[in-house]
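Below is target-v2.tsv, holding TSV, C-alpha atoms.
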chain	number	residue	atom	x	y	z
A	289	MET	CA	106.38	-53.08	176.32
A	290	LYS	CA	104.24	-56.01	175.21
A	291	ARG	CA	103.57	-55.96	171.50
A	292	TRP	CA	99.88	-55.97	170.64
A	293	LEU	CA	97.89	-58.35	168.53
A	294	TYR	CA	95.15	-56.18	167.08
A	295	LEU	CA	92.29	-57.81	165.19
A	296	ILE	CA	90.36	-55.87	162.57
A	297	ALA	CA	87.02	-57.63	162.35
A	298	ASP	CA	83.88	-57.46	160.31
A	299	PHE	CA	80.87	-59.73	160.41
A	300	SER	CA	81.50	-61.27	156.98
A	301	TYR	CA	83.67	-63.88	158.74
A	302	GLY	CA	80.91	-64.82	161.19
A	303	GLU	CA	80.56	-64.34	164.93
A	304	GLU	CA	82.06	-67.77	165.77
A	305	LYS	CA	85.42	-66.81	164.30
A	306	ILE	CA	85.42	-63.44	166.07
A	307	GLU	CA	84.59	-65.18	169.35
A	308	ALA	CA	87.38	-67.73	168.75
A	309	ALA	CA	89.91	-64.91	168.32
A	310	LEU	CA	88.72	-63.22	171.51
A	311	LYS	CA	88.93	-66.49	173.39
A	312	ALA	CA	92.49	-67.03	172.13
A	313	GLY	CA	93.55	-63.77	173.75
A	314	ILE	CA	93.87	-60.92	171.23
A	315	ASP	CA	94.72	-57.54	172.81
A	316	TYR	CA	92.47	-55.32	170.69
A	317	ILE	CA	89.50	-55.84	168.42
A	318	GLN	CA	88.45	-53.16	165.97
A	319	LEU	CA	85.07	-53.39	164.30
A	320	ARG	CA	85.42	-52.11	160.75
A	321	GLU	CA	82.30	-52.26	158.63
A	322	LYS	CA	81.78	-50.66	155.24
A	323	ASN	CA	78.60	-50.09	153.23
A	324	ILE	CA	76.11	-50.87	155.97
A	325	SER	CA	73.55	-48.61	157.62
A	326	SER	CA	74.33	-46.78	160.84
A	327	ALA	CA	71.62	-48.81	162.57
A	328	GLU	CA	73.24	-52.07	161.49
A	329	TYR	CA	76.72	-50.82	162.43
A	330	LEU	CA	75.51	-49.96	165.92
A	331	LYS	CA	73.78	-53.33	166.26
A	332	ARG	CA	77.02	-55.14	165.37
A	333	ALA	CA	79.06	-52.90	167.67
A	334	LYS	CA	76.76	-53.78	170.57
A	335	ILE	CA	77.18	-57.49	169.79
A	336	ILE	CA	80.99	-57.14	169.91
A	337	ARG	CA	80.77	-55.07	173.10
A	338	LYS	CA	78.79	-57.89	174.71
A	339	MET	CA	81.27	-60.50	173.43
A	340	THR	CA	84.26	-58.59	174.82
A	341	GLU	CA	82.78	-58.33	178.33
A	342	LYS	CA	84.21	-61.78	179.12
A	343	TYR	CA	87.74	-60.91	177.94
A	344	PRO	CA	90.41	-58.30	178.70
A	345	THR	CA	90.41	-57.31	175.00
A	346	LYS	CA	89.89	-53.61	174.25
A	347	PHE	CA	87.08	-52.86	171.80
A	348	ILE	CA	87.62	-50.12	169.20
A	349	VAL	CA	85.18	-48.86	166.56
A	350	ASN	CA	86.60	-47.80	163.20
A	351	ASP	CA	85.79	-44.33	161.80
A	352	ARG	CA	82.57	-43.73	163.68
A	353	LEU	CA	82.77	-41.69	166.88
A	354	ASP	CA	78.98	-41.83	167.30
A	355	ILE	CA	78.89	-45.64	167.08
A	356	ALA	CA	81.82	-45.90	169.52
A	357	MET	CA	79.96	-43.77	172.05
A	358	LEU	CA	76.57	-45.43	171.61
A	359	SER	CA	78.02	-48.93	171.94
A	360	ASP	CA	80.22	-47.92	174.90
A	361	ALA	CA	83.33	-49.09	173.06
A	362	ASP	CA	86.74	-48.62	174.71
A	363	GLY	CA	87.66	-46.23	171.93
A	364	VAL	CA	87.65	-45.19	168.30
A	365	HIS	CA	90.11	-45.40	165.41
A	366	LEU	CA	90.08	-42.36	163.13
A	367	GLY	CA	91.29	-42.05	159.55
A	368	GLN	CA	92.44	-38.83	157.90
A	369	SER	CA	88.94	-38.04	156.62
A	370	ASP	CA	87.15	-38.77	159.90
A	371	VAL	CA	86.43	-36.49	162.88
A	372	PRO	CA	89.74	-34.84	163.92
A	373	VAL	CA	91.52	-36.51	166.85
A	374	ALA	CA	91.43	-33.33	169.00
A	375	ASP	CA	87.64	-33.03	168.63
A	376	ALA	CA	87.15	-36.72	169.42
A	377	ARG	CA	89.36	-36.35	172.51
A	378	GLY	CA	87.27	-33.36	173.63
A	379	ILE	CA	84.12	-35.46	173.43
A	380	LEU	CA	85.44	-38.81	174.71
A	381	GLY	CA	87.58	-37.47	177.55
A	382	LYS	CA	90.93	-38.86	178.63
A	383	ASN	CA	89.86	-42.40	179.58
A	384	LYS	CA	88.93	-43.66	176.12
A	385	VAL	CA	91.41	-44.93	173.56
A	386	ILE	CA	91.87	-42.97	170.34
A	387	GLY	CA	93.83	-44.46	167.47
A	388	ALA	CA	94.73	-42.61	164.28
A	389	THR	CA	95.86	-43.65	160.84
A	390	ALA	CA	99.20	-42.09	159.90
A	391	LYS	CA	100.89	-42.64	156.54
A	392	THR	CA	103.36	-39.76	156.83
A	393	VAL	CA	105.55	-38.23	159.54
A	394	GLU	CA	103.40	-35.07	159.48
A	395	GLN	CA	100.20	-37.04	160.06
A	396	ALA	CA	101.86	-38.97	162.90
A	397	VAL	CA	103.13	-35.86	164.68
A	398	ARG	CA	99.79	-34.09	164.25
A	399	ALA	CA	97.87	-37.09	165.65
A	400	GLN	CA	100.15	-37.38	168.68
A	401	GLU	CA	99.88	-33.65	169.41
A	402	ALA	CA	96.08	-33.85	169.10
A	403	GLY	CA	95.92	-36.59	171.75
A	404	ALA	CA	95.99	-39.92	169.92
A	405	ASP	CA	97.02	-42.94	172.04
A	406	TYR	CA	98.42	-45.01	169.19
A	407	LEU	CA	98.90	-44.95	165.42
A	408	GLY	CA	98.13	-47.42	162.67
A	409	SER	CA	100.46	-47.27	159.66
A	410	GLY	CA	100.47	-49.16	156.36
A	411	ALA	CA	99.61	-50.70	154.03
A	412	TRP	CA	102.46	-53.16	154.37
A	413	PHE	CA	101.26	-55.67	151.81
A	414	PHE	CA	98.38	-56.07	149.37
A	415	THR	CA	95.16	-56.42	151.30
A	416	SER	CA	91.84	-57.74	150.01
A	417	THR	CA	89.94	-55.87	152.73
A	418	LYS	CA	91.12	-52.46	151.50
A	419	LYS	CA	91.79	-52.60	147.78
A	420	ASP	CA	92.67	-48.89	147.50
A	421	ALA	CA	95.34	-49.07	150.23
A	422	VAL	CA	98.59	-47.36	149.28
A	423	PRO	CA	101.76	-49.28	150.24
A	424	ILE	CA	104.05	-47.73	152.85
A	425	ALA	CA	107.82	-47.63	152.35
A	426	GLU	CA	109.95	-49.16	155.12
A	427	GLU	CA	111.91	-45.92	155.34
A	428	THR	CA	108.72	-43.89	155.86
A	429	TYR	CA	107.61	-46.30	158.56
A	430	ARG	CA	110.91	-46.02	160.41
A	431	ASP	CA	110.72	-42.21	160.16
A	432	ILE	CA	107.21	-42.26	161.65
A	433	LEU	CA	108.43	-44.41	164.56
A	434	LYS	CA	111.30	-41.99	165.20
A	435	ALA	CA	109.08	-38.90	165.05
A	436	VAL	CA	106.61	-39.87	167.80
A	437	THR	CA	106.56	-41.66	171.15
A	438	ILE	CA	103.11	-43.30	171.02
A	439	PRO	CA	102.85	-46.97	169.92
A	440	ASN	CA	102.47	-47.84	166.27
A	441	VAL	CA	100.59	-50.84	164.93
A	442	ALA	CA	101.51	-52.05	161.43
A	443	VAL	CA	98.53	-52.73	159.18
A	444	GLY	CA	97.72	-54.02	155.72
A	445	GLY	CA	97.79	-57.60	154.47
A	446	ILE	CA	99.80	-58.84	157.43
A	447	THR	CA	100.00	-62.56	158.23
A	448	ALA	CA	102.10	-64.84	160.42
A	449	GLN	CA	104.19	-65.52	157.29
A	450	ASN	CA	105.14	-61.92	156.47
A	451	CYS	CA	104.94	-60.06	159.80
A	452	GLU	CA	108.69	-60.15	160.51
A	453	LYS	CA	109.19	-57.24	158.11
A	454	PRO	CA	107.19	-54.61	160.06
A	455	LEU	CA	108.37	-56.04	163.39
A	456	SER	CA	112.01	-55.73	162.36
A	457	CYS	CA	111.35	-52.03	161.68
A	458	GLY	CA	110.10	-51.62	165.25
A	459	ALA	CA	106.32	-52.00	165.07
A	460	ASN	CA	104.65	-52.11	168.50
A	461	GLY	CA	101.95	-54.41	167.25
A	462	LEU	CA	100.24	-56.01	164.27
A	463	ALA	CA	96.76	-55.18	163.02
A	464	ILE	CA	95.44	-58.19	161.14
A	465	SER	CA	92.11	-59.04	159.55
A	466	ALA	CA	92.02	-61.89	156.99
A	467	GLY	CA	95.36	-63.20	158.30
A	468	ILE	CA	93.48	-64.32	161.42
A	469	LEU	CA	89.78	-64.57	160.55
A	470	GLY	CA	90.45	-66.19	157.18
A	471	ALA	CA	92.34	-69.05	158.85
A	472	GLU	CA	90.74	-72.44	159.20
A	473	ASP	CA	91.79	-72.59	162.86
A	474	VAL	CA	91.57	-69.06	164.25
A	475	ALA	CA	92.86	-69.96	167.72
A	476	ALA	CA	95.94	-71.70	166.31
A	477	GLU	CA	96.67	-68.67	164.11
A	478	VAL	CA	96.36	-66.31	167.09
A	479	LYS	CA	98.72	-68.50	169.16
A	480	LYS	CA	101.24	-68.55	166.30
A	481	LEU	CA	101.19	-64.75	166.08
A	482	GLN	CA	101.39	-64.34	169.85
A	483	LYS	CA	104.51	-66.48	169.87
A	484	ILE	CA	106.12	-64.30	167.18
A	485	LEU	CA	105.17	-61.12	169.04
A	486	ALA	CA	106.62	-62.45	172.31
A	487	GLU	CA	110.02	-63.26	170.76
Could I get this structure in the form of structure tokens?
Amino acid sequence: MKRWLYLIADFSYGEEKIEAALKAGIDYIQLREKNISSAEYLKRAKIIRKMTEKYPTKFIVNDRLDIAMLSDADGVHLGQSDVPVADARGILGKNKVIGATAKTVEQAVRAQEAGADYLGSGAWFFTSTKKDAVPIAEETYRDILKAVTIPNVAVGGITAQNCEKPLSCGANGLAISAGILGAEDVAAEVKKLQKILAE
């Protein structure tokens, strides 16, 4: 199975950088916005939806099932305090992608049983985009991978420099935000990560 490069994007980095990452060939893009109005969130989601039309990249909206539906995103990523996966699946049907955050084996098993397509687990390293993120132990991560069959994307402060750690545990992909969009040359950073993922 091809390992995914999954970009977590917000508009603070600017549309040019997001477009550059799409052009370079990321597999997924998740729009994650905090502290903005629903109207603004939807507006940004529609901009990303339009940008992704030219690329094979799947577009996921973080947390907000309503925004995912209204922007015709390819799916939604749900945290533990969001709409339950089973309810989202009931509304979205079987053709949309549903991701779920899982920090424990119990959460992972529950998400898979409820119909999640993939999991996101972390935080692997300190991350400036989520200051309250709790670090995940390697052992916990390996246990999560063993407990379920759906893909798992490692998340939290990941860069091309430190990504070998989650990959060596068996991660099916890397979810990266500042590690891509904070780079001077976004395309070069994406290519570097793609090379690591292909090895």
Worksheet item: Near stretch 478-482 of chain A, counting only C-alpha atoms, which residues have an atom at most 9 Å away, once you skip same-chain residues fewer than 5 positions from it, shown as a PyMOL selection string?
Response: chain A and resi 291-293+309+312-314+447-448+451+462+468+473+487
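With only C-alpha atoms as the atoms that count, the residue of A:Ile348, A:Ala388, A:Leu485, A:Ala356 with the shortest distance to A:Asp370 is A:Ala388.
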Worksheet entry | For A:Thr340: contacts at 8 Å, only C-alpha atoms, fewer than 6 positions along chain excluded, given as a ChimeraX atom specification | /A:310,346-347
Take the residues from that selection and write them out as an mmCIF file, in the frame of the given file, keeping C-alpha atoms.
data_model
loop_
_atom_site.group_PDB
_atom_site.id
_atom_site.type_symbol
_atom_site.label_atom_id
_atom_site.label_comp_id
_atom_site.auth_asym_id
_atom_site.auth_seq_id
_atom_site.Cartn_x
_atom_site.Cartn_y
_atom_site.Cartn_z
ATOM 1 C CA LEU A 310 88.720 -63.220 171.510
ATOM 2 C CA LYS A 346 89.890 -53.610 174.250
ATOM 3 C CA PHE A 347 87.080 -52.860 171.800
#
Worksheet entry | Separation of atom CA of A:Ile438 from atom CA of A:Arg377 in Å |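 We find that atom CA of A:Arg377 and atom CA of A:Ile438 lie 15.5 Å from each other.
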Worksheet entry | Contacts of A:Glu307 within 12 Å, only C-alpha atoms, excl. fewer than 2 positions in-chain, as a ChimeraX atom specification | /A:295,297-299,301-305,309-314,317,335-343,345,468-469,474-475
Worksheet item: Of the residues A:Leu380, A:Ala396, A:Ala471, A:Val422, which is the one nearest to A:Pro439, using only C-alpha atoms?
Response: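 Smallest separation from A:Pro439 among the options: A:Ala396.
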Practice prompt. Would you mind reading off the distance between atom CA of A:Val364 and atom CA of A:Gln318, one decimal, in Å?
Written response: 8.3 Å
Fill in: Polymer residues at most 10 Å from A:Asp405, all atoms listed in the file, same-chain spacing of 5 or more positions, as a list of chain:residue names
A:Gly363, A:His365, A:Val373, A:Lys382, A:Lys384, A:Val385, A:Ile386, A:Gly387, A:Ala388, A:Ala399, A:Gln400, A:Thr437, A:Ile438, A:Pro439, A:Asn440
Worksheet entry | Residue nearest A:Ile464 among A:Leu353, A:Tyr316, A:Ser300, A:Leu407 (counting all atoms listed in the file) |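 Of A:Leu353, A:Tyr316, A:Ser300, A:Leu407, the one nearest A:Ile464 is A:Tyr316, counting all atoms listed in the file.
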Fill in: Closest of A:Asp431, A:Asp420, A:Asp360, A:Glu472 to A:Ala390 - atom-to-atom distances counting all atoms listed in the file
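Distance minimum relative to A:Ala390 lands on A:Asp431.
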Item to complete: Can you work out the spacing between atom CA of A:Asn350 and atom CA of A:Leu319 in Å, to one decimal?
Response: 5.9 Å
Worksheet entry | Contacts of A:Val441 at 6 Å (only C-alpha atoms; same-chain gap of 3+ positions) as a PyMOL selection string | chain A and resi 408+459-462
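For the choices A:Leu366, A:Ala404, A:Val393, A:Cys457, the atom-to-atom distance to A:Ala435 is smallest for A:Val393 when using all atoms listed in the file.
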What box, with edges along x, y and z, holds each listed atom of stretch 326-345 of chain A when 3 Å is added on every side, and can you state its centre and edge lengths in Å to one decimal, as JSON?
{"center_x": 81.0, "center_y": -54.3, "center_z": 170.0, "size_x": 24.8, "size_y": 21.0, "size_z": 24.3}
Response to the item:
Counting all atoms listed in the file, closest pick from A:Ser359, A:Ser465, A:Gln395, A:Ser416 relative to A:Ile296 is A:Ser465
